[in-house]
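*Asks:* So here's model.pdb, just PDB, C-alpha atoms and all ligand atoms:
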MODEL        1
ATOM      1  CA  MET A   1     137.367-139.633-128.655
ATOM      2  CA  LYS A   2     137.749-137.869-125.315
ATOM      3  CA  LYS A   3     134.090-137.009-125.494
ATOM      4  CA  LEU A   4     133.158-140.635-126.049
ATOM      5  CA  VAL A   5     135.233-141.773-123.119
ATOM      6  CA  LEU A   6     133.590-139.109-121.003
ATOM      7  CA  ILE A   7     130.111-140.198-122.057
ATOM      8  CA  ILE A   8     130.867-143.818-121.263
ATOM      9  CA  PHE A   9     132.263-142.895-117.874
ATOM     10  CA  VAL A  10     129.201-140.805-117.109
ATOM     11  CA  LEU A  11     126.922-143.650-118.171
ATOM     12  CA  ILE A  12     128.751-146.231-116.136
ATOM     13  CA  GLY A  13     128.867-143.826-113.210
ATOM     14  CA  VAL A  14     125.113-143.365-113.361
ATOM     15  CA  SER A  15     124.535-147.048-113.873
ATOM     16  CA  ALA A  16     126.527-147.876-110.779
ATOM     17  CA  CYS A  17     123.684-146.305-108.782
ATOM     18  CA  LYS A  18     121.273-149.011-109.840
ATOM     19  CA  VAL A  19     121.456-152.078-107.658
ATOM     20  CA  ASN A  20     119.444-155.201-108.317
ATOM     21  CA  PRO A  21     117.593-155.741-105.013
ATOM     22  CA  PHE A  22     117.391-159.486-105.604
ATOM     23  CA  THR A  23     121.101-160.030-106.032
ATOM     24  CA  GLY A  24     122.493-156.980-104.258
ATOM     25  CA  GLN A  25     124.725-156.456-107.281
ATOM     26  CA  LYS A  26     125.238-153.326-109.331
ATOM     27  CA  THR A  27     123.912-153.590-112.850
ATOM     28  CA  LEU A  28     124.741-151.910-116.124
ATOM     29  CA  ASN A  29     121.513-150.011-116.527
ATOM     30  CA  PHE A  30     121.319-146.317-117.287
ATOM     31  CA  TYR A  31     117.727-146.315-118.488
ATOM     32  CA  PRO A  32     115.287-145.231-115.812
ATOM     33  CA  ASN A  33     111.812-146.770-115.779
ATOM     34  CA  SER A  34     110.443-143.437-116.978
ATOM     35  CA  GLN A  35     112.323-143.873-120.253
ATOM     36  CA  VAL A  36     111.743-147.568-120.824
ATOM     37  CA  PHE A  37     108.225-148.224-119.608
ATOM     38  CA  PRO A  38     106.252-145.878-121.905
ATOM     39  CA  SER A  39     107.781-147.549-124.979
ATOM     40  CA  ALA A  40     107.087-150.986-123.547
ATOM     41  CA  PHE A  41     103.489-150.159-122.649
ATOM     42  CA  ALA A  42     102.779-148.745-126.114
ATOM     43  CA  GLN A  43     104.312-151.737-127.887
ATOM     44  CA  TYR A  44     102.415-154.134-125.664
ATOM     45  CA  ASP A  45      99.096-152.431-126.404
ATOM     46  CA  GLN A  46      99.878-152.561-130.098
ATOM     47  CA  PHE A  47     100.715-156.250-129.863
ATOM     48  CA  LEU A  48      97.383-156.953-128.173
ATOM     49  CA  THR A  49      95.413-155.185-130.903
ATOM     50  CA  GLU A  50      97.195-157.233-133.563
ATOM     51  CA  ASN A  51      96.776-160.630-131.907
ATOM     52  CA  LYS A  52      93.915-162.778-130.647
ATOM     53  CA  VAL A  53      93.591-162.125-126.919
ATOM     54  CA  VAL A  54      91.607-164.809-125.099
ATOM     55  CA  THR A  55      89.180-163.440-122.512
ATOM     56  CA  GLY A  56      86.625-164.940-120.164
ATOM     57  CA  THR A  57      87.801-168.544-120.357
ATOM     58  CA  ALA A  58      89.027-170.580-117.392
ATOM     59  CA  ASP A  59      92.541-170.534-118.885
ATOM     60  CA  ALA A  60      92.548-166.754-119.344
ATOM     61  CA  GLN A  61      91.353-166.323-115.764
ATOM     62  CA  MET A  62      94.066-168.666-114.540
ATOM     63  CA  ILE A  63      96.785-166.631-116.275
ATOM     64  CA  THR A  64      95.530-163.460-114.608
ATOM     65  CA  ARG A  65      95.170-165.133-111.204
ATOM     66  CA  VAL A  66      98.675-166.613-111.261
ATOM     67  CA  GLY A  67     100.154-163.329-112.461
ATOM     68  CA  GLN A  68      98.475-161.363-109.699
ATOM     69  CA  ARG A  69      99.548-163.827-107.016
ATOM     70  CA  ILE A  70     103.157-163.787-108.206
ATOM     71  CA  SER A  71     103.486-160.025-108.606
ATOM     72  CA  SER A  72     101.915-159.518-105.201
ATOM     73  CA  ALA A  73     104.403-162.017-103.733
ATOM     74  CA  ALA A  74     107.196-159.983-105.340
ATOM     75  CA  GLU A  75     105.806-156.843-103.748
ATOM     76  CA  ARG A  76     105.737-158.506-100.314
ATOM     77  CA  TRP A  77     109.319-159.694-100.749
ATOM     78  CA  LEU A  78     110.532-156.246-101.845
ATOM     79  CA  THR A  79     108.785-154.490 -98.978
ATOM     80  CA  ALA A  80     110.099-156.992 -96.425
ATOM     81  CA  ASN A  81     113.621-156.535 -97.764
ATOM     82  CA  GLY A  82     113.721-152.763 -97.590
ATOM     83  CA  HIS A  83     112.536-151.825-101.071
ATOM     84  CA  PRO A  84     109.000-150.500-100.627
ATOM     85  CA  GLY A  85     107.786-148.608-103.668
ATOM     86  CA  TYR A  86     110.166-150.447-106.001
ATOM     87  CA  LEU A  87     107.223-151.432-108.199
ATOM     88  CA  LYS A  88     105.447-148.066-108.236
ATOM     89  CA  ASP A  89     106.023-147.513-111.972
ATOM     90  CA  TYR A  90     104.983-151.049-112.918
ATOM     91  CA  ALA A  91     101.642-151.663-114.593
ATOM     92  CA  TRP A  92     101.194-155.427-114.412
ATOM     93  CA  GLU A  93      99.104-157.015-117.110
ATOM     94  CA  TYR A  94      98.742-160.704-117.957
ATOM     95  CA  ASN A  95      97.172-161.754-121.223
ATOM     96  CA  LEU A  96      96.578-165.093-122.870
ATOM     97  CA  VAL A  97      96.937-164.972-126.643
ATOM     98  CA  ASN A  98      95.559-167.598-129.000
ATOM     99  CA  ASP A  99      98.685-168.841-130.764
ATOM    100  CA  GLU A 100     100.099-172.327-130.956
ATOM    101  CA  THR A 101     103.657-171.127-130.366
ATOM    102  CA  VAL A 102     105.147-172.617-127.197
ATOM    103  CA  ASN A 103     106.063-169.361-125.541
ATOM    104  CA  ALA A 104     105.518-166.670-122.950
ATOM    105  CA  TRP A 105     107.268-163.337-122.515
ATOM    106  CA  CYS A 106     107.365-160.196-120.441
ATOM    107  CA  MET A 107     108.150-156.645-121.480
ATOM    108  CA  PRO A 108     109.613-154.051-119.094
ATOM    109  CA  GLY A 109     107.175-152.743-116.509
ATOM    110  CA  GLY A 110     105.318-156.046-116.125
ATOM    111  CA  LYS A 111     103.548-156.573-119.451
ATOM    112  CA  ILE A 112     103.160-160.305-119.845
ATOM    113  CA  VAL A 113     101.854-162.560-122.611
ATOM    114  CA  PHE A 114     101.265-166.311-122.502
ATOM    115  CA  TYR A 115     100.493-168.144-125.722
ATOM    116  CA  THR A 116      97.895-170.907-125.594
ATOM    117  CA  GLY A 117     100.557-173.164-127.143
ATOM    118  CA  ILE A 118     102.453-173.332-123.850
ATOM    119  CA  LEU A 119      99.465-174.571-121.813
ATOM    120  CA  PRO A 120      99.771-178.262-122.804
ATOM    121  CA  ILE A 121     103.261-178.155-121.286
ATOM    122  CA  THR A 122     102.534-176.110-118.184
ATOM    123  CA  GLN A 123      99.578-178.497-117.641
ATOM    124  CA  THR A 124      98.579-177.159-114.217
ATOM    125  CA  GLU A 125      98.265-173.804-112.466
ATOM    126  CA  THR A 126     101.546-174.568-110.717
ATOM    127  CA  GLY A 127     103.203-175.152-114.090
ATOM    128  CA  VAL A 128     101.924-171.747-115.230
ATOM    129  CA  ALA A 129     103.370-170.296-112.015
ATOM    130  CA  VAL A 130     106.843-171.600-112.904
ATOM    131  CA  VAL A 131     106.800-169.772-116.227
ATOM    132  CA  MET A 132     105.068-166.715-114.748
ATOM    133  CA  GLY A 133     107.676-166.475-111.970
ATOM    134  CA  HIS A 134     110.443-166.566-114.565
ATOM    135  CA  GLU A 135     108.833-163.869-116.722
ATOM    136  CA  VAL A 136     107.990-161.612-113.775
ATOM    137  CA  ALA A 137     111.585-162.009-112.595
ATOM    138  CA  HIS A 138     112.928-160.650-115.903
ATOM    139  CA  ALA A 139     110.783-157.560-115.359
ATOM    140  CA  LEU A 140     111.746-157.159-111.690
ATOM    141  CA  ALA A 141     115.454-157.410-112.440
ATOM    142  CA  ASP A 142     115.335-154.848-115.285
ATOM    143  CA  HIS A 143     116.831-157.307-117.732
ATOM    144  CA  GLY A 144     115.245-155.466-120.662
ATOM    145  CA  ALA A 145     116.787-152.139-119.665
ATOM    146  CA  GLN A 146     120.135-153.806-119.102
ATOM    147  CA  ARG A 147     120.007-155.267-122.591
ATOM    148  CA  MET A 148     119.197-151.808-123.939
ATOM    149  CA  SER A 149     122.100-150.349-121.988
ATOM    150  CA  ALA A 150     124.507-152.880-123.396
ATOM    151  CA  GLY A 151     123.176-152.104-126.882
ATOM    152  CA  THR A 152     123.723-148.392-126.314
ATOM    153  CA  LEU A 153     127.325-148.900-125.283
ATOM    154  CA  GLN A 154     127.836-150.918-128.450
ATOM    155  CA  GLN A 155     126.370-148.103-130.519
ATOM    156  CA  LEU A 156     128.511-145.551-128.733
ATOM    157  CA  GLY A 157     131.505-147.618-129.612
ATOM    158  CA  ALA A 158     130.358-147.841-133.215
ATOM    159  CA  VAL A 159     129.863-144.133-133.848
ATOM    160  CA  ALA A 160     132.536-142.670-131.636
ATOM    161  CA  GLY A 161     131.669-139.351-130.108
ATOM    162  CA  ASN A 162     128.590-138.498-132.126
ATOM    163  CA  VAL A 163     125.948-139.992-129.909
ATOM    164  CA  ALA A 164     123.977-138.199-127.272
ATOM    165  CA  ILE A 165     121.431-140.079-125.268
ATOM    166  CA  LYS A 166     118.091-138.573-126.120
ATOM    167  CA  ASN A 167     114.556-139.802-125.872
ATOM    168  CA  GLN A 168     114.256-140.499-129.547
ATOM    169  CA  GLN A 169     117.344-142.595-129.396
ATOM    170  CA  THR A 170     116.000-144.468-126.418
ATOM    171  CA  LEU A 171     113.082-145.523-128.571
ATOM    172  CA  GLY A 172     115.447-146.725-131.280
ATOM    173  CA  ILE A 173     117.447-148.728-128.794
ATOM    174  CA  PHE A 174     114.262-150.117-127.328
ATOM    175  CA  ASN A 175     113.103-151.239-130.752
ATOM    176  CA  GLN A 176     116.463-152.810-131.386
ATOM    177  CA  ALA A 177     116.445-154.648-128.069
ATOM    178  CA  TYR A 178     112.906-155.883-128.533
ATOM    179  CA  GLY A 179     112.771-156.512-132.242
ATOM    180  CA  VAL A 180     109.532-154.577-132.523
ATOM    181  CA  GLY A 181     107.470-155.345-135.588
ATOM    182  CA  THR A 182     108.799-158.837-135.926
ATOM    183  CA  GLN A 183     107.408-162.112-134.686
ATOM    184  CA  TYR A 184     110.137-162.062-132.090
ATOM    185  CA  LEU A 185     108.606-159.124-130.263
ATOM    186  CA  GLY A 186     109.938-159.121-126.760
ATOM    187  CA  MET A 187     111.610-162.426-127.247
ATOM    188  CA  LEU A 188     115.198-161.793-128.163
ATOM    189  CA  PRO A 189     117.240-164.143-126.052
ATOM    190  CA  PHE A 190     118.468-162.876-122.744
ATOM    191  CA  SER A 191     121.998-163.679-121.732
ATOM    192  CA  ARG A 192     122.779-166.850-119.870
ATOM    193  CA  SER A 193     123.270-164.948-116.613
ATOM    194  CA  HIS A 194     119.908-163.192-117.014
ATOM    195  CA  GLU A 195     118.149-166.487-117.660
ATOM    196  CA  THR A 196     119.715-168.107-114.622
ATOM    197  CA  GLU A 197     118.907-165.068-112.497
ATOM    198  CA  ALA A 198     115.286-165.117-113.683
ATOM    199  CA  ASP A 199     115.039-168.821-112.829
ATOM    200  CA  ARG A 200     116.343-168.264-109.308
ATOM    201  CA  ILE A 201     114.244-165.164-108.540
ATOM    202  CA  GLY A 202     111.202-166.722-110.203
ATOM    203  CA  LEU A 203     111.452-169.821-108.052
ATOM    204  CA  GLN A 204     111.475-167.749-104.860
ATOM    205  CA  ILE A 205     108.503-165.593-105.756
ATOM    206  CA  MET A 206     106.425-168.536-106.968
ATOM    207  CA  ALA A 207     107.037-170.203-103.606
ATOM    208  CA  ILE A 208     106.098-167.053-101.685
ATOM    209  CA  ALA A 209     102.935-166.954-103.829
ATOM    210  CA  GLY A 210     102.109-170.442-102.546
ATOM    211  CA  TYR A 211     103.128-172.549-105.545
ATOM    212  CA  ASP A 212     105.280-175.630-105.010
ATOM    213  CA  PRO A 213     108.877-174.741-105.964
ATOM    214  CA  TYR A 214     109.682-178.438-106.396
ATOM    215  CA  GLU A 215     107.409-178.393-109.457
ATOM    216  CA  ALA A 216     109.736-176.032-111.352
ATOM    217  CA  ALA A 217     112.193-178.739-112.369
ATOM    218  CA  GLU A 218     109.242-180.927-113.426
ATOM    219  CA  LEU A 219     107.983-178.190-115.774
ATOM    220  CA  TRP A 220     111.402-177.951-117.397
ATOM    221  CA  LYS A 221     111.551-181.705-117.824
ATOM    222  CA  ARG A 222     108.272-181.499-119.736
ATOM    223  CA  MET A 223     109.629-178.551-121.731
ATOM    224  CA  LYS A 224     112.710-180.572-122.615
ATOM    225  CA  ALA A 225     110.635-183.611-123.633
ATOM    226  CA  ASN A 226     108.386-181.424-125.778
ATOM    227  CA  SER A 227     111.099-179.478-127.505
ATOM    228  CA  GLY A 228     112.942-182.405-129.012
ATOM    229  CA  GLY A 229     116.135-180.561-128.206
ATOM    230  CA  GLU A 230     114.900-177.152-129.291
ATOM    231  CA  ALA A 231     113.905-174.581-126.720
ATOM    232  CA  PRO A 232     110.930-172.292-127.392
ATOM    233  CA  PRO A 233     111.662-168.711-128.517
ATOM    234  CA  GLU A 234     111.793-166.858-125.205
ATOM    235  CA  PHE A 235     114.197-169.500-124.068
ATOM    236  CA  MET A 236     115.754-169.525-127.517
ATOM    237  CA  SER A 237     119.283-169.159-126.318
ATOM    238  CA  THR A 238     120.764-172.597-125.998
ATOM    239  CA  HIS A 239     122.089-171.677-122.606
ATOM    240  CA  PRO A 240     121.495-172.500-119.908
ATOM    241  CA  SER A 241     120.783-175.925-121.312
ATOM    242  CA  ASN A 242     117.620-177.627-120.148
ATOM    243  CA  ASP A 243     119.713-179.966-118.040
ATOM    244  CA  THR A 244     121.561-177.143-116.291
ATOM    245  CA  ARG A 245     118.265-175.442-115.664
ATOM    246  CA  ILE A 246     116.670-178.581-114.225
ATOM    247  CA  ASN A 247     119.688-179.202-111.986
ATOM    248  CA  ASN A 248     119.721-175.596-110.771
ATOM    249  CA  LEU A 249     116.011-175.542-110.000
ATOM    250  CA  THR A 250     116.206-178.837-108.152
ATOM    251  CA  ALA A 251     119.113-177.543-106.059
ATOM    252  CA  TRP A 252     117.422-174.206-105.301
ATOM    253  CA  ALA A 253     113.961-175.544-104.421
ATOM    254  CA  PRO A 254     114.684-176.029-100.683
ATOM    255  CA  ASP A 255     115.955-172.416-100.441
ATOM    256  CA  ALA A 256     112.820-171.161-102.151
ATOM    257  CA  ALA A 257     110.638-173.153 -99.752
ATOM    258  CA  ALA A 258     112.612-171.715 -96.812
ATOM    259  CA  GLU A 259     112.146-168.192 -98.165
ATOM    260  CA  ALA A 260     108.413-168.797 -98.471
ATOM    261  CA  ALA A 261     108.308-169.977 -94.855
ATOM    262  CA  LYS A 262     109.576-166.541 -93.785
ATOM    263  CA  PHE A 263     106.312-165.217 -95.215
ATOM    264  CA  GLY A 264     104.242-167.834 -93.406
ATOM    265  CA  VAL A 265     103.778-169.946 -96.523
ATOM    266  CA  THR A 266     104.380-173.624 -95.799
ATOM    267  CA  ASN A 267     101.586-175.288 -97.772
ATOM    268  CA  PHE A 268     102.035-175.319-101.507
ATOM    269  CA  LYS A 269      99.724-176.126-104.325
TER
HETATM  270 ZN    ZN B 301     113.816-165.906-119.776
ENDMDL
END
Turn the structure described in the file into structure tokens.

*Replies:*
Amino acid sequence: MKKLVLIIFVLIGVSACKVNPFTGQKTLNFYPNSQVFPSAFAQYDQFLTENKVVTGTADAQMITRVGQRISSAAERWLTANGHPGYLKDYAWEYNLVNDETVNAWCMPGGKIVFYTGILPITQTETGVAVVMGHEVAHALADHGAQRMSAGTLQQLGAVAGNVAIKNQQTLGIFNQAYGVGTQYLGMLPFSRSHETEADRIGLQIMAIAGYDPYEAAELWKRMKANSGGEAPPEFMSTHPSNDTRINNLTAWAPDAAAEAAKFGVTNFK
């Protein structure tokens, strides 16, 4: 038991070193990128080989273009706010997959998938940017690694004292957090706080990328109308509710526009 307590203290001590640059808050995350990203990249590649990736179409090009604009906006924001090099381990990739599911997701390290099923709801490039900003934000804020960390603490609690954190175990925890091999790959619900955080960060970086932040609430209104009360899988958790989300995004839009102005962006598309 003493050993377990020691391990947990060490983990929390290490985790205290990791600060989310977007919120300035310490996060429970004791998985470095070097441990999480290789698993994510391998799973992403496997997913692509097992699904129908759309290439060469106007839609596929749009997904890539929006993704590049948003991740480059994130890089500008991080550099301007004293975090140059924060994204050095990231390997951004944006793929459109032919699947009627209304969904999009992002794995750690910037591996993003949009399903064609979400395009009738995003409707425009700006609508895609709303979803892209949200997904990129999950990756920037290490939400995947935080979920893994929480899962590890649970496991530690479950098998008192017998657990050492090793690479092999990291893979197991990763698989658990991401439901690898199931249709829910990369789509287990994030917590309410992670969703809200991704909405807020996503809104800022879409604005810095030149996309109208006032369109974010409009996208979620369409999502709500489409879902008939049910949110799509990535947004599977019932919280925040669509209404909370729409209210938040409406309230935050002026801040996002002001943030974009700091980067010389005052015209939105
Ligand atoms: Zn999300």

*Asks:* CA of Thr116 in chain A to CA of Val97 in chain A: how many Å, to one decimal?

*Replies:*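 Separation between CA of Thr116 in chain A and CA of Val97 in chain A: 6.1 Å.
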
*Asks:* Rounded to one decimal place, report the CA of Thr266 in chain A-CA of Val128 in chain A distance in Å.

*Replies:*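 Separating CA of Thr266 in chain A from CA of Val128 in chain A is a distance of 19.7 Å.
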
*Asks:* Evaluating the PyMOL selection byres (((chain A and resi 103-106) around 6) and not hetatm) on the displayed file yields which residues, as an MDAnalysis selection string?

*Replies:* chainID A and resid 101:102 107 111:115 118 135 232

*Asks:* When you count all atoms listed in the file, which of these residues is closest to Tyr31 in chain A: A:Pro108, A:Gly117, A:Gly264, A:Gly202?

*Replies:*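 The closest residue to Tyr31 in chain A is A:Pro108.
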
*Asks:* Applied to this file, what does the PyMOL selection byres (((chain A and resi 221) around 12) and not hetatm) return in terms of residues, put as JSON, numbers by chain?

*Replies:* {"A": [121, 122, 127, 215, 216, 217, 218, 219, 220, 222, 223, 224, 225, 226, 227, 228, 229, 231, 241, 242, 243, 244, 245, 246, 247, 249, 250]}

*Asks:* To one decimal in Å, tell me the separation between CA of Ala251 in chain A and CA of Val136 in chain A.

*Replies:*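 Interatomic distance, CA of Ala251 in chain A to CA of Val136 in chain A: 20.9 Å.
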
*Asks:* Which one is closest to ligand ZN 301 (chain B): A:Leu78, A:Ala141, A:Ile208, A:Ala257? Count only C-alpha atoms and all ligand atoms.

*Replies:*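 Distance minimum relative to ligand ZN 301 (chain B) lands on A:Ala141.
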
*Asks:* Take the point (110.9, -170.5, -111.2) as written in the file and pick out every residue within 6 Å of it, counting only C-alpha atoms; give the list as a ChimeraX atom specification.

*Replies:* /A:130,133-134,199,202-203,216

*Asks:* Of the candidates A:Ser191, A:Asn267, A:Asn248, A:Gln25, which one gets nearest to ligand ZN 301 (chain B) if we count only C-alpha atoms and all ligand atoms?

*Replies:*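 The shortest atom-to-atom distance to ligand ZN 301 (chain B) comes from A:Ser191.
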
*Asks:* Pick the closest to ligand ZN 301 (chain B) from A:Asp89, A:Glu197, A:Glu75, A:Glu259: which is it, counting all atoms listed in the file?

*Replies:*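 Closest to ligand ZN 301 (chain B), using all atoms listed in the file: A:Glu197.
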
*Asks:* Just want the 12 Å neighbourhood of Asp45 in chain A, counted on all atoms listed in the file, with same-chain residues fewer than 3 positions away dropped. Output as an NGL selection string.

*Replies:* :A and (38-42 or 48-51 or 53 or 93-95 or 107 or 111-113)

*Asks:* Counting all atoms listed in the file, what is within 8 Å of Ala129 in chain A, bar same-chain residues fewer than 4 positions away, as an MDAnalysis selection string?

*Replies:* chainID A and resid 66:67 70 125 133 206 211
